[in-house]
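Participant: Sharing a structure with you now.
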Amino acid sequence: MRKNILIVLSVLVLVTLTAMPAASIGDYVWNDVNKNGIQDDGETGINGVKVELFYGSGNCYMESNECASRITTFGYGKNGFYVFEGAPQDYLYVKFNLPEGYVFSPKDQGSDDAIDSDADLNTGLTEVFYHGTAGDLTRDAGMYRAEVAPTPAIDITKYTNGDDANTVPGPSIPVGSTVTWKYDVVNTGNVPLTNVRVTDDIIGDICTIGDLAVGETKSCAKTGTAVEGQYSNIGTVTGAYELRMITDNDPSNYFGTTPSPGTGTPGYWKNHPEAWPVDSIMIGGITYTKNQAIAIIAAPVKGDKTYTMFQALVSAKLNVIIGNPDSCIADSITSADAWMGNYPVGSKVEGSSQEWKDGEPLYIKMDNYNNGLLCAQHRD
Ligand SMILES: [Ca+2]
Ligand SMILES: [Ca+2]
Ligand SMILES: [Ca+2]
Ligand SMILES: [Ca+2]
C-alpha cells in the first residue's frame, strides 16, 4: 500500500478502490530505486512479477484445483498491483518470485508496514501472518536491478582462407596463390571497450578497431601470397576498459603445396623424349641412355615379361624424378629394381613362371602409380 494512496484515492479511484472485496491480500511490488526498502515518492510498481499464496502449513492456497498465483499488473491506479480476493481466514504467507536480474530490498524497514517490503531477501517469502476478516494490503515486495560487476572480455577468431584452422597442418594452399587471413573480434564482456586493435605475430599490425560495444563484432583482413610448407601465425587482439587491458589470441595454419606435375605411362615417356628429366637411367644395376631405354620401351614384348617390368619401372622412376610424390611407390621401385637385377631385359621370363609370380605384384603397383591411381595424380 503506497503512503500516497489517499491522494490517489481522493482524485481518481475512489469508486474502484472501495469496491475491492473484503478479506483480500495484497498488494504491491515496486522498483526500490534507492534500495532502502521503503516505498518512496517517485518509485513505481513493477508489473509481471509472479506472486503466490500459501497456508502457514506450506500447502498452497487452491483456486479451481490449482495453486493460486497472481502476476502483478496495473490495478487500482498503480502498476505492480496484485490481490488475492477472498483469501481464507487462516495462517498464511505470500511468496514473491524475483524476476531475472533483480534482488530484493531489505525487509521490514521503518515502522510503517504499509510502505515497507516484506519479502525475505533469499526466499521471497513473507512471514506467516494470521489473516482475519479485515483484509491485508500491506504484503509488499521491494526489489531493484542487481548491480553487475564490470567484466571486460574479448574474443578473437583468426581464419586462413575461411578456415579457423587452429591445428597444423590446416588447409593445403598452392604456393603462389593468395592467402586471406580474417580476424573476427567480439566484445564478449558486459562493458564497452576502447583502443581495440589487432596484431599478428608474423605479419605485424593488422588493424585498429577503436571502440567496441558490448556484443559487437568487427572483422579485419589481410592478404598475402602462399609460401611452401607449414605456415602458422597467431592473431592477437588487445583492448581496454578504463585502466584494465584485456587480450585474446587465436592461431591459424596452412600448408603451402607445390602442385605435382602428374604421372606419365610408358606410352607417354616413349613418345616424349623431350620431357625426360635425365639423359640416362639405371635399371637393375645397368645404366641405359635415354635413347636405349626408349628403344626398349618401344620394342615388342613377345611374351618376355622383363620388357613389361622394364617399361613400368623406367616410367615410375621418371615420374618420381620429375617431382611426383613417391611415398606409395618407393619400396616397390626398389624391389622391382632388384627383380630386374636378377632378370635383365631379354632374359625371357614367361607369364606363367614363378619369376613372374614374384614380379607381377610389383608391376601392377607401378602400373597403377603410372596411371595416376595411387599417391600421385595422372599428368592429364
Ligand atoms: Ca525506496
Ligand atoms: Ca513489514
Ligand atoms: Ca509492507
Ligand atoms: Ca583459428
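Please note that chains go A, B, ... in the order of the C-alpha cells, that every chain numbers its residues from 1, and that ligands are numbered from 1 in the order shown.
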Show which residues sit within 7 Å of range 311-313 of chain A, as an NGL selection string. Count only C-alpha atoms, and ignore same-chain residues fewer than 6 positions away.
Facilitator: :A and (266 or 297 or 333 or 336 or 363 or 366-367)
Participant: Could you tell me, counting only C-alpha atoms and all ligand atoms, which protein and nucleic acid residues lie no more than 6 Å from ligand 2, written as JSON, numbers by chain?
Facilitator: {"A": [108, 113, 116, 117, 118]}
Participant: Find the residues near ligand 3. Use a cut-off of 12 Å, count only C-alpha atoms and all ligand atoms, and write them as a PDB file with C-alpha atoms, in the first residue's frame.
Facilitator:
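And here's selection_12.pdb as it stands now:
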ATOM      1  CA  MET A   1       0.000   0.000   0.000  1.00  0.00           C
ATOM      2  CA  ARG A   2       1.533   3.275  -1.023  1.00  0.00           C
ATOM      3  CA  LYS A   3       1.662   6.057   1.503  1.00  0.00           C
ATOM      4  CA  ILE A  25      -4.426  -9.917   0.492  1.00  0.00           C
ATOM      5  CA  GLY A  26      -2.153  -7.616  -1.495  1.00  0.00           C
ATOM      6  CA  ASP A  27      -0.939  -5.608  -2.959  1.00  0.00           C
ATOM      7  CA  TYR A  28       2.279  -4.140  -4.289  1.00  0.00           C
ATOM      8  CA  VAL A  29       5.654  -4.917  -5.901  1.00  0.00           C
ATOM      9  CA  TRP A  30       7.785  -1.892  -6.588  1.00  0.00           C
ATOM     10  CA  GLY A  37      13.184  -0.939   1.493  1.00  0.00           C
ATOM     11  CA  ILE A  38      10.658   1.930   1.699  1.00  0.00           C
ATOM     12  CA  GLN A  39       8.062   2.894  -0.914  1.00  0.00           C
ATOM     13  CA  VAL A  94       2.936 -14.863   0.380  1.00  0.00           C
ATOM     14  CA  SER A 105      15.182  -4.814  -0.912  1.00  0.00           C
ATOM     15  CA  PRO A 106      15.828  -5.074   2.833  1.00  0.00           C
ATOM     16  CA  LYS A 107      12.627  -6.115   4.609  1.00  0.00           C
ATOM     17  CA  ASP A 108      10.703  -4.502   7.453  1.00  0.00           C
ATOM     18  CA  GLN A 109      12.469  -1.161   7.216  1.00  0.00           C
ATOM     19  CA  GLY A 110      10.981   1.718   9.179  1.00  0.00           C
ATOM     20  CA  SER A 111       7.900   1.445  11.355  1.00  0.00           C
ATOM     21  CA  ASP A 112       5.068   1.588   8.802  1.00  0.00           C
ATOM     22  CA  ASP A 113       4.138  -1.787   7.424  1.00  0.00           C
ATOM     23  CA  ALA A 114       2.038  -0.116   4.756  1.00  0.00           C
ATOM     24  CA  ILE A 115       5.121   1.164   2.968  1.00  0.00           C
ATOM     25  CA  ASP A 116       7.821  -1.403   3.688  1.00  0.00           C
ATOM     26  CA  SER A 117       8.936  -4.621   1.971  1.00  0.00           C
ATOM     27  CA  ASP A 118       8.036  -7.984   3.478  1.00  0.00           C
ATOM     28  CA  ALA A 119       9.865 -10.468   1.276  1.00  0.00           C
ATOM     29  CA  ASP A 120      12.772 -12.428   2.657  1.00  0.00           C
ATOM     30  CA  THR A 126       6.738 -13.153   3.816  1.00  0.00           C
ATOM     31  CA  GLU A 127       6.473 -14.230   7.416  1.00  0.00           C
ATOM     32  CA  ASP A 136      -4.419  -7.077   4.478  1.00  0.00           C
ATOM     33  CA  LEU A 137      -2.904  -4.921   1.758  1.00  0.00           C
ATOM     34  CA  THR A 138       0.461  -4.458   3.452  1.00  0.00           C
ATOM     35  CA  ARG A 139       2.171  -7.546   1.969  1.00  0.00           C
ATOM     36  CA  ASP A 140       4.582  -5.836  -0.419  1.00  0.00           C
ATOM     37  CA  ALA A 141       7.928  -6.531  -2.002  1.00  0.00           C
ATOM     38  CA  GLY A 142      10.598  -4.032  -2.973  1.00  0.00           C
TER      39      GLY A 142
END
Participant: Give me, as JSON, numbers by chain, the set of residues whose atoms come within 12 Å of any atom of ligand 4, counting only C-alpha atoms and all ligand atoms.
Facilitator: {"A": [155, 156, 157, 158, 159, 160, 161, 162, 163, 164, 165, 166, 167, 168, 170, 171, 181, 182, 183, 184, 185, 232, 233, 234, 235, 236, 248, 249, 250, 251, 252, 253, 254]}
Participant: Pick the closest to Leu193 in chain A from A:Ala240, A:Val179, A:Cys220, A:Ile173: which is it, counting only C-alpha atoms?
Facilitator: A:Ala240
Participant: Taking 6 positions as the minimum chain separation for residues in the same chain, which residues sit within 12 Å of Gly303 in chain A when counting only C-alpha atoms? Answer as a ChimeraX atom specification.
Facilitator: /A:309,346-353,356
Participant: Go ahead and save the picked residues with N, CA and C atoms, as a compact mmCIF listing (two decimals), in the first residue's frame.
Facilitator:
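Once everything was written out, this is again34.txt:
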# COMPACT_ATOMS: atom_id res chain seq x y z
N MET A 309 58.23 -55.34 -67.24
CA MET A 309 58.71 -54.76 -65.98
C MET A 309 59.57 -53.53 -66.26
N GLY A 346 65.39 -59.03 -71.66
CA GLY A 346 65.72 -60.05 -72.65
C GLY A 346 65.98 -61.42 -72.06
N SER A 347 65.83 -61.58 -70.73
CA SER A 347 66.12 -62.88 -70.13
C SER A 347 64.92 -63.82 -70.17
N LYS A 348 63.89 -63.45 -70.92
CA LYS A 348 62.79 -64.37 -71.27
C LYS A 348 62.08 -64.96 -70.05
N VAL A 349 61.50 -64.07 -69.26
CA VAL A 349 60.65 -64.53 -68.15
C VAL A 349 59.23 -64.67 -68.67
N GLU A 350 58.70 -65.89 -68.61
CA GLU A 350 57.36 -66.13 -69.16
C GLU A 350 56.27 -65.75 -68.15
N GLY A 351 55.11 -65.46 -68.70
CA GLY A 351 54.00 -65.03 -67.86
C GLY A 351 53.55 -66.09 -66.87
N SER A 352 53.79 -67.37 -67.16
CA SER A 352 53.34 -68.46 -66.29
C SER A 352 54.41 -68.85 -65.27
N SER A 353 55.55 -68.18 -65.30
CA SER A 353 56.69 -68.63 -64.48
C SER A 353 56.57 -68.18 -63.04
N TRP A 356 57.71 -64.56 -62.63
CA TRP A 356 56.71 -63.51 -62.85
C TRP A 356 55.68 -63.46 -61.72
Participant: Give as a ChimeraX atom specification the residues surrounding ligand 1 up to a distance of 7 Å, considering only C-alpha atoms and all ligand atoms.
Facilitator: /A:32-40,43
Participant: In terms of the shortest atom-to-atom distance over only C-alpha atoms, which of A:Pro273, A:Gly189, A:Gly215, A:Pro169 is closest to Tyr231 in chain A?
Facilitator: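 Distance minimum relative to Tyr231 in chain A lands on A:Pro169.
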Participant: Would you kindly return, as a PyMOL selection string, each protein, DNA or RNA residue with an atom no farther than 12 Å from any atom of Ala299 in chain A, considering only C-alpha atoms and excluding same-chain residues fewer than 6 positions away?
Facilitator: chain A and resi 266-267+270+292-293+306-308+310-311+345-346
Participant: Could you tell me which of A:Asn31, A:Thr217, A:Asn65, A:Asn97 comes closest to Val49 in chain A if we count only C-alpha atoms?
Facilitator: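 So, comparing all the options, the nearest one is A:Asn97.
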Participant: When DSSP is applied to the backbone of this structure, which of range 79-191 of chain A are assigned strand (DSSP E)? Write them out as a count of residues only.
Facilitator: 49
Participant: CA of Met62 in chain A and CA of Val83 in chain A are how many Å apart?
Facilitator: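 Here the two named atoms are 14.6 Å from each other.
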Participant: How many Å lie between CA of Arg244 in chain A and CA of Thr151 in chain A, rounded to one decimal?
Facilitator: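 Value for the CA of Arg244 in chain A-CA of Thr151 in chain A distance: 10.3 Å.
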Participant: Can you tell me which residues surround Thr263 in chain A at a distance of at most 10 Å, considering only C-alpha atoms, apart from same-chain residues fewer than 3 positions away, and format the answer as a list of chain:residue names?
Facilitator: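 With the cut-off at 10 Å, the set is A:Ser260, A:Tyr268, A:Trp269, A:Ser315, A:Ala316, A:Leu318, A:Asn319, A:Val320, A:Ile322, A:Gly323, A:Asn324, A:Pro325, A:Tyr369, A:Asn370, A:Asn371, A:Gly372, A:Leu373, A:Ala376, A:Gln377, A:His378, A:Arg379, A:Asp380.
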Participant: Between CA of Ser280 in chain A and CA of Ala295 in chain A, measure the distance and give it in Å to one decimal.
Facilitator: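 These two atoms are separated by 12.7 Å.
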Participant: Given the choices A:Gly224, A:Gly284, A:Gly48, A:Gly86, which gets closest to Phe74 in chain A if the distance is worked out from only C-alpha atoms?
Facilitator: A:Gly48
Participant: So which one's closest to Gly80 in chain A, A:Pro361, A:Gly229, A:Gly45, A:Gly210? Using only C-alpha atoms, please.
Facilitator: A:Gly45
Participant: For Lys50 in chain A, work out the shell of residues within 8 Å, counting only C-alpha atoms and skipping chain neighbours fewer than 3 positions away, then give it as a list in words.
Facilitator: Ser69, Arg70, Ile71, Thr72, Phe96, Asn97 and Leu98 of chain A
Participant: Using C-alpha atoms, can you write the selected residues to a file as a PDB file, in the first residue's frame?
Facilitator:
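Here's the written file again.pdb:
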ATOM      1  CA  SER A  69      -0.965 -17.200  -8.184  1.00  0.00           C
ATOM      2  CA  ARG A  70      -1.095 -13.633  -9.483  1.00  0.00           C
ATOM      3  CA  ILE A  71       1.026 -11.665 -11.901  1.00  0.00           C
ATOM      4  CA  THR A  72       1.472  -8.059 -10.851  1.00  0.00           C
ATOM      5  CA  PHE A  96       7.222 -13.182  -4.337  1.00  0.00           C
ATOM      6  CA  ASN A  97       9.149 -14.634  -7.297  1.00  0.00           C
ATOM      7  CA  LEU A  98      12.131 -12.480  -8.139  1.00  0.00           C
TER       8      LEU A  98
END
Participant: I'd like the neighbourhood of Tyr241 in chain A as a VMD selection string, where a residue qualifies if any of its atoms comes within 10 Å (using only C-alpha atoms), though same-chain residues fewer than 4 positions away should be ignored.
Facilitator: chain A and resid 150 to 153 191 to 196 245 to 246
